[in-house]
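Visitor: Got a structure for you, written out below as structure tokens; questions coming shortly.
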Amino acid sequence: MRLSRRDRVILFAPAAVLLTGWLILPAVLGLLASLTDYSPFAQAVHLSGLTNYATVLSDHLFTAAVRNVAVLTMVAVPLELAIGFGLAYLLRGPIWGRRLWRVLLLLPWLVSPIASGVMWHFLLGPTRGILNFALGWIGRPELASPTGDIRLALPTTIAVEIWRVAPLVTFLLLPTALDVVVPALRPLLLAITMLLIGLSLGTFDAVLILTGGGPGTSTVTPALYSYNQAFGANNWPLGAASAWLIAAGVLGAGLVYVGLARSRAS
Amino acid sequence: MSGMRAQRRRDRTVRVLLLVAALGIFVLPLVWTALAALGVQANNSSSPPSFHGPPTLDHFSEVGLAEPSFWQELFTSTAAAACAAVLAVAAALLTAYGLARSRFAGDRLIIQWFLVLASLPAMAYVIPLSDLMRRAHLIDTFAGVVLTEAAVTTPLAIYVLYGALVQLSTEWEEAAWLDGASIFSVIRRVVLPLVGPTMGATAIILFVLDWNLLLVPLVLTAGGLKTVPVAMIDFFTFERELEWPTAAAALIISLLPVAILVAVFHRVLDRFALNVAPAD
């Protein structure tokens with residue numbers, strides 16, 4: 001079967017327009033803007049080299065954000081994979097109500113990160129929450145929400161993200177027969193890991209309501225930093241530069257992913 | 001023999017117990033929220049903690065009072081997510097088909113990079129995108145939100161549909177080509193019936209992803225158009241904090257459309273698979 005040049009244009013044009021216009025062009029313009037002092041409302045644009053990156057990297061708020069997201073990724077991604085795999089393993093083979101289990105266990109992922117933040121804000125809170133309800137029954141005093149505690153805020157955020165994302169891993173693993181040997185699962189696990197790393201490095205809405213990045217800098221993430229610089233502090237160049245650092249992180253992980261995915265094919 | 005049977009029964013009991021525990025962790029928080037939305041709230045100041053409040057549906061109507069445009073936002077979210085999902089799956093099918101039926105150096109590599117693109121956080125490009133869209137007068141427009149949501153999810157759709165298309169035998173397609181069929185009639189008559197279920201499953205997953213997107217609608221709108229997640233940010237500001245039962249009702253309402261969609265189409269969702277089989 002030979003696709004003609006005209007066929008190819010018809011086939012590739014719609015997605016090419018969407019991806020170029022809405023993802024690639026903005027990403028490239030962002031990279032260019034991060035090397036200048038460009039801002040949408042500036043009168044003139046001057047090249048500024050790597051100054052924006054130097055400013056971002058020396059900002060203690062950004063380094064705190066990088067540290068948080070590194071912890072988040074290194075803790076949450078393996079746990080999401082492990083728990084997701086464990087649940088899929090429990091659902092392997094013939095079991096009563098397999099499809100019902102599957103739909104029920106996907107529910108947390110259907111909750112948007114924002115809604116999840118709203119929900120856990122209350123569930124972890126003192127008067128109406130699930131946490132203090134359980135503690136009350138074993139006779140413990142009421143606790144303030146762990147999202148307000150400088151040491152507990154990040155672990156709490158991680159736990160909430162695992163609650164929301166681990167079910168997705170289960171869902172993605174289930175159609176594959178898990179009884180097959182694990183090496184056959186390798187490409188699938190690699191693909192899932194790639195998605196989870198991207199999700200984790202871009203963490204934004206999951207902390208926006210739950211902690212707002214606080215207390216202090218304990219749960220600030222690079223995406224939150226980037227958003228606040230561009231849209232809050234009107235510091236467009238710093239927003240663009242820090243956003244590109246996130247992109248660079250994901251593209252770096254992408255290089256490793258593509259390398260690993262290829263090494264099996266050869 | 002009986003030892004083995006006993007062993008198997010014990011395995012099954014352990015498995016069901018673990019599943020029930022998992023259900024407790026993953027679903028109980030949502031049940032708690034649903035109960036609060038129905039007016040049955042925990043009271044942790046009593047000892048031991050108890051539940052109180054007669055069941056009522058009042059909190060669902062309170063959502064409309066606390067957030068007068070909530071129903072409008074719900075409609076915007078649904079329409080935008082549906083349009084974006086259909087657009088993305090259509091564009092992705094064409095590209096995935098073109099890739100699956102072309103032979104060139106590095107064609108496998110391209111498909112892996114689509115997955116990387118799918119993993120790229122929206123933050124990586126939304127700042128300049130908001131600027132571009134403002135210049136294109138697409139800020140606060142339905143079209144702007146739909147096109148962006150479609151673009152954001154197209155890479156994942158290409159990856160999944162490629163995985164389905166590359167597994168198909170090309171016999172029927174060859175026959176149609178020999179009959180002189182055009183590319184569109186090959187796709188409509190031969191390809192669509194075979195990958196239709198995968199397209200449906202992909203569209204549902206994309207709908208859920210679009211429905212829950214925050215950053216994209218947030219930076220592309222300035223109050224004229226609101227989706228549910230964007231509206232939820234305003235539930236808690238310095239000026240106001242929504243009462244828990246009202247917020248819970250809003251949460252349940254926003255979860256229902258996607259939950260029903262997934263429950264109704266759970267069979268077809270099996271077709272959404274990330275394992276792209278290396279065809280070589």
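Just remember, in the structure tokens the first chain shown is A, the second B, etc., residues are 1-based per chain, and ligands are 1-based in the order shown.
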Contacts from chain A to chain B, 6 Å maximum, only C-alpha atoms: show me the residue list as a PyMOL selection string.

Guide: chain A and resi 11-12+14-15+18-19+26-27+30+112+127-128+133+136-137+175+188+195+198+202+243-244+247+254

Visitor: What would the file look like if the residues just selected were written as a PDB file, in the first residue's frame with C-alpha atoms?

Guide:
ATOM      1  CA  LEU A  11      -3.576  12.620   7.000  1.00  0.00           C
ATOM      2  CA  PHE A  12      -0.936  14.681   8.773  1.00  0.00           C
ATOM      3  CA  PRO A  14      -4.942  18.453  11.031  1.00  0.00           C
ATOM      4  CA  ALA A  15      -2.789  17.151  13.877  1.00  0.00           C
ATOM      5  CA  LEU A  18      -3.003  21.647  16.177  1.00  0.00           C
ATOM      6  CA  LEU A  19       0.341  20.529  17.589  1.00  0.00           C
ATOM      7  CA  PRO A  26       4.260  28.461  21.968  1.00  0.00           C
ATOM      8  CA  ALA A  27       7.003  26.304  23.481  1.00  0.00           C
ATOM      9  CA  GLY A  30       8.607  30.720  25.200  1.00  0.00           C
ATOM     10  CA  SER A 112     -10.051  16.665  39.039  1.00  0.00           C
ATOM     11  CA  THR A 127     -14.612  19.321  62.522  1.00  0.00           C
ATOM     12  CA  ARG A 128     -16.150  17.423  59.603  1.00  0.00           C
ATOM     13  CA  PHE A 133     -13.414  11.145  62.868  1.00  0.00           C
ATOM     14  CA  GLY A 136     -11.833  10.536  67.653  1.00  0.00           C
ATOM     15  CA  TRP A 137     -12.903   6.915  67.798  1.00  0.00           C
ATOM     16  CA  PRO A 175      -6.303  -4.852  29.976  1.00  0.00           C
ATOM     17  CA  LEU A 188       3.859  -0.622  29.075  1.00  0.00           C
ATOM     18  CA  LEU A 195       3.344   9.809  31.944  1.00  0.00           C
ATOM     19  CA  GLY A 198       5.443  14.330  33.441  1.00  0.00           C
ATOM     20  CA  GLY A 202       4.181  19.645  36.268  1.00  0.00           C
ATOM     21  CA  ALA A 243       8.489  27.076  32.604  1.00  0.00           C
ATOM     22  CA  TRP A 244      11.243  26.069  30.221  1.00  0.00           C
ATOM     23  CA  ALA A 247       9.998  21.439  29.982  1.00  0.00           C
ATOM     24  CA  GLY A 254      11.848  11.727  27.681  1.00  0.00           C
TER      25      GLY A 254
END

Visitor: Looking only at the backbone, which of the residues in region 56-280 of chain B does DSSP tag as helix (DSSP H, G or I), as a PyMOL selection string?

Guide: chain B and resi 58-66+70-100+107-119+123-135+142-165+171-178+183-212+215-220+228-233+244-264+268-271

Visitor: Compile the contact shell of region 81-85 of chain A as a list in words: residues with an atom at most 8 Å away, counting only C-alpha atoms, same-chain residues fewer than 3 positions apart removed.

Guide: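 Listed by chain and then number, they are Val77, Pro78, Ala88, Tyr89, Ala166, Pro167, Leu168, Val169, Thr170, Leu173 and Thr193 of chain A.
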
Visitor: Just the selected residues (N, CA and C atoms), exported as a PDB file, in the first residue's frame, please.

Guide:
ATOM      1  N   VAL A  77       5.985   8.664  42.333  1.00  0.00           N
ATOM      2  CA  VAL A  77       5.950   7.835  41.133  1.00  0.00           C
ATOM      3  C   VAL A  77       6.168   6.343  41.448  1.00  0.00           C
ATOM      4  N   PRO A  78       7.219   5.974  42.216  1.00  0.00           N
ATOM      5  CA  PRO A  78       7.372   4.543  42.534  1.00  0.00           C
ATOM      6  C   PRO A  78       6.184   3.982  43.315  1.00  0.00           C
ATOM      7  N   ALA A  88      -3.897  -3.989  40.387  1.00  0.00           N
ATOM      8  CA  ALA A  88      -4.145  -4.717  39.140  1.00  0.00           C
ATOM      9  C   ALA A  88      -3.891  -6.205  39.356  1.00  0.00           C
ATOM     10  N   TYR A  89      -2.877  -6.520  40.167  1.00  0.00           N
ATOM     11  CA  TYR A  89      -2.545  -7.918  40.432  1.00  0.00           C
ATOM     12  C   TYR A  89      -3.668  -8.600  41.219  1.00  0.00           C
ATOM     13  N   ALA A 166      -2.708   6.538  41.541  1.00  0.00           N
ATOM     14  CA  ALA A 166      -2.487   5.083  41.549  1.00  0.00           C
ATOM     15  C   ALA A 166      -3.620   4.325  40.830  1.00  0.00           C
ATOM     16  N   PRO A 167      -4.884   4.741  41.006  1.00  0.00           N
ATOM     17  CA  PRO A 167      -5.965   4.054  40.273  1.00  0.00           C
ATOM     18  C   PRO A 167      -5.799   4.111  38.757  1.00  0.00           C
ATOM     19  N   LEU A 168      -5.190   5.194  38.246  1.00  0.00           N
ATOM     20  CA  LEU A 168      -4.959   5.293  36.804  1.00  0.00           C
ATOM     21  C   LEU A 168      -3.983   4.202  36.354  1.00  0.00           C
ATOM     22  N   VAL A 169      -2.942   3.976  37.173  1.00  0.00           N
ATOM     23  CA  VAL A 169      -1.956   2.942  36.849  1.00  0.00           C
ATOM     24  C   VAL A 169      -2.654   1.579  36.767  1.00  0.00           C
ATOM     25  N   THR A 170      -3.514   1.308  37.747  1.00  0.00           N
ATOM     26  CA  THR A 170      -4.262   0.048  37.741  1.00  0.00           C
ATOM     27  C   THR A 170      -5.077  -0.079  36.460  1.00  0.00           C
ATOM     28  N   LEU A 173      -2.967  -0.866  33.471  1.00  0.00           N
ATOM     29  CA  LEU A 173      -2.343  -2.194  33.483  1.00  0.00           C
ATOM     30  C   LEU A 173      -3.348  -3.315  33.259  1.00  0.00           C
ATOM     31  N   THR A 193       5.328   5.034  33.343  1.00  0.00           N
ATOM     32  CA  THR A 193       6.272   5.795  34.160  1.00  0.00           C
ATOM     33  C   THR A 193       6.533   7.167  33.539  1.00  0.00           C
TER      34      THR A 193
END

Visitor: Which residues are near Gly148 (chain A)? Cut-off 12 Å, only C-alpha atoms, ignore same chain within fewer than 2 positions. Put them as a PyMOL selection string.

Guide: chain A and resi 121+124-126+143-146+150-157+210-219

Visitor: Mind pulling up the distance from CA of Ser39 (chain A) to CA of Ser226 (chain A)?

Guide: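 About the pair CA of Ser226 (chain A) and CA of Ser39 (chain A): they are 14.1 Å apart.
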
Visitor: Measure the distance from CA of Pro40 (chain A) to CA of Pro113 (chain A) in Å and round it to one decimal.

Guide: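 That distance, rounded to one decimal, is 29.5 Å.
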
Visitor: For region 62-78 of chain B, find every residue with an atom within 7 Å (counting only C-alpha atoms), except residues of its own chain fewer than 2 positions away, and show them as a compact mmCIF listing (two decimals) with C-alpha atoms, in the first residue's frame.

Guide:
# COMPACT_ATOMS: atom_id res chain seq x y z
CA ASP B 58 -31.05 21.08 49.61
CA HIS B 59 -27.28 21.36 49.30
CA PHE B 60 -27.47 20.61 45.60
CA ALA B 80 -15.78 22.04 25.51
CA ALA B 81 -14.53 18.62 26.66
CA ALA B 82 -16.81 16.80 24.20
CA TRP B 211 -13.03 17.90 31.80
CA LYS B 226 -15.57 29.41 32.92
CA THR B 227 -15.18 25.68 33.25
CA VAL B 228 -15.97 23.86 36.49
CA THR B 246 -22.32 22.94 49.44
CA ALA B 249 -22.50 18.85 46.45
CA ALA B 250 -20.60 20.77 43.76

Visitor: Excluding region 221-225 of chain B and any residue of its chain fewer than 6 positions from it, enumerate the residues within 7 Å of it, using only C-alpha atoms, and give them as JSON, numbers by chain.

Guide: {"B": [139, 140, 141]}

Visitor: Quick one: pull the distance between CA of Ala143 (chain B) and CA of Ala84 (chain B), Å, one decimal.

Guide: 9.4 Å

Visitor: Which is closest to Leu206 (chain B) among A:Leu3, A:Arg99, A:Arg8, A:Leu110, if we use only C-alpha atoms?

Guide: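 Closest to Leu206 (chain B) of all the choices is A:Leu110.
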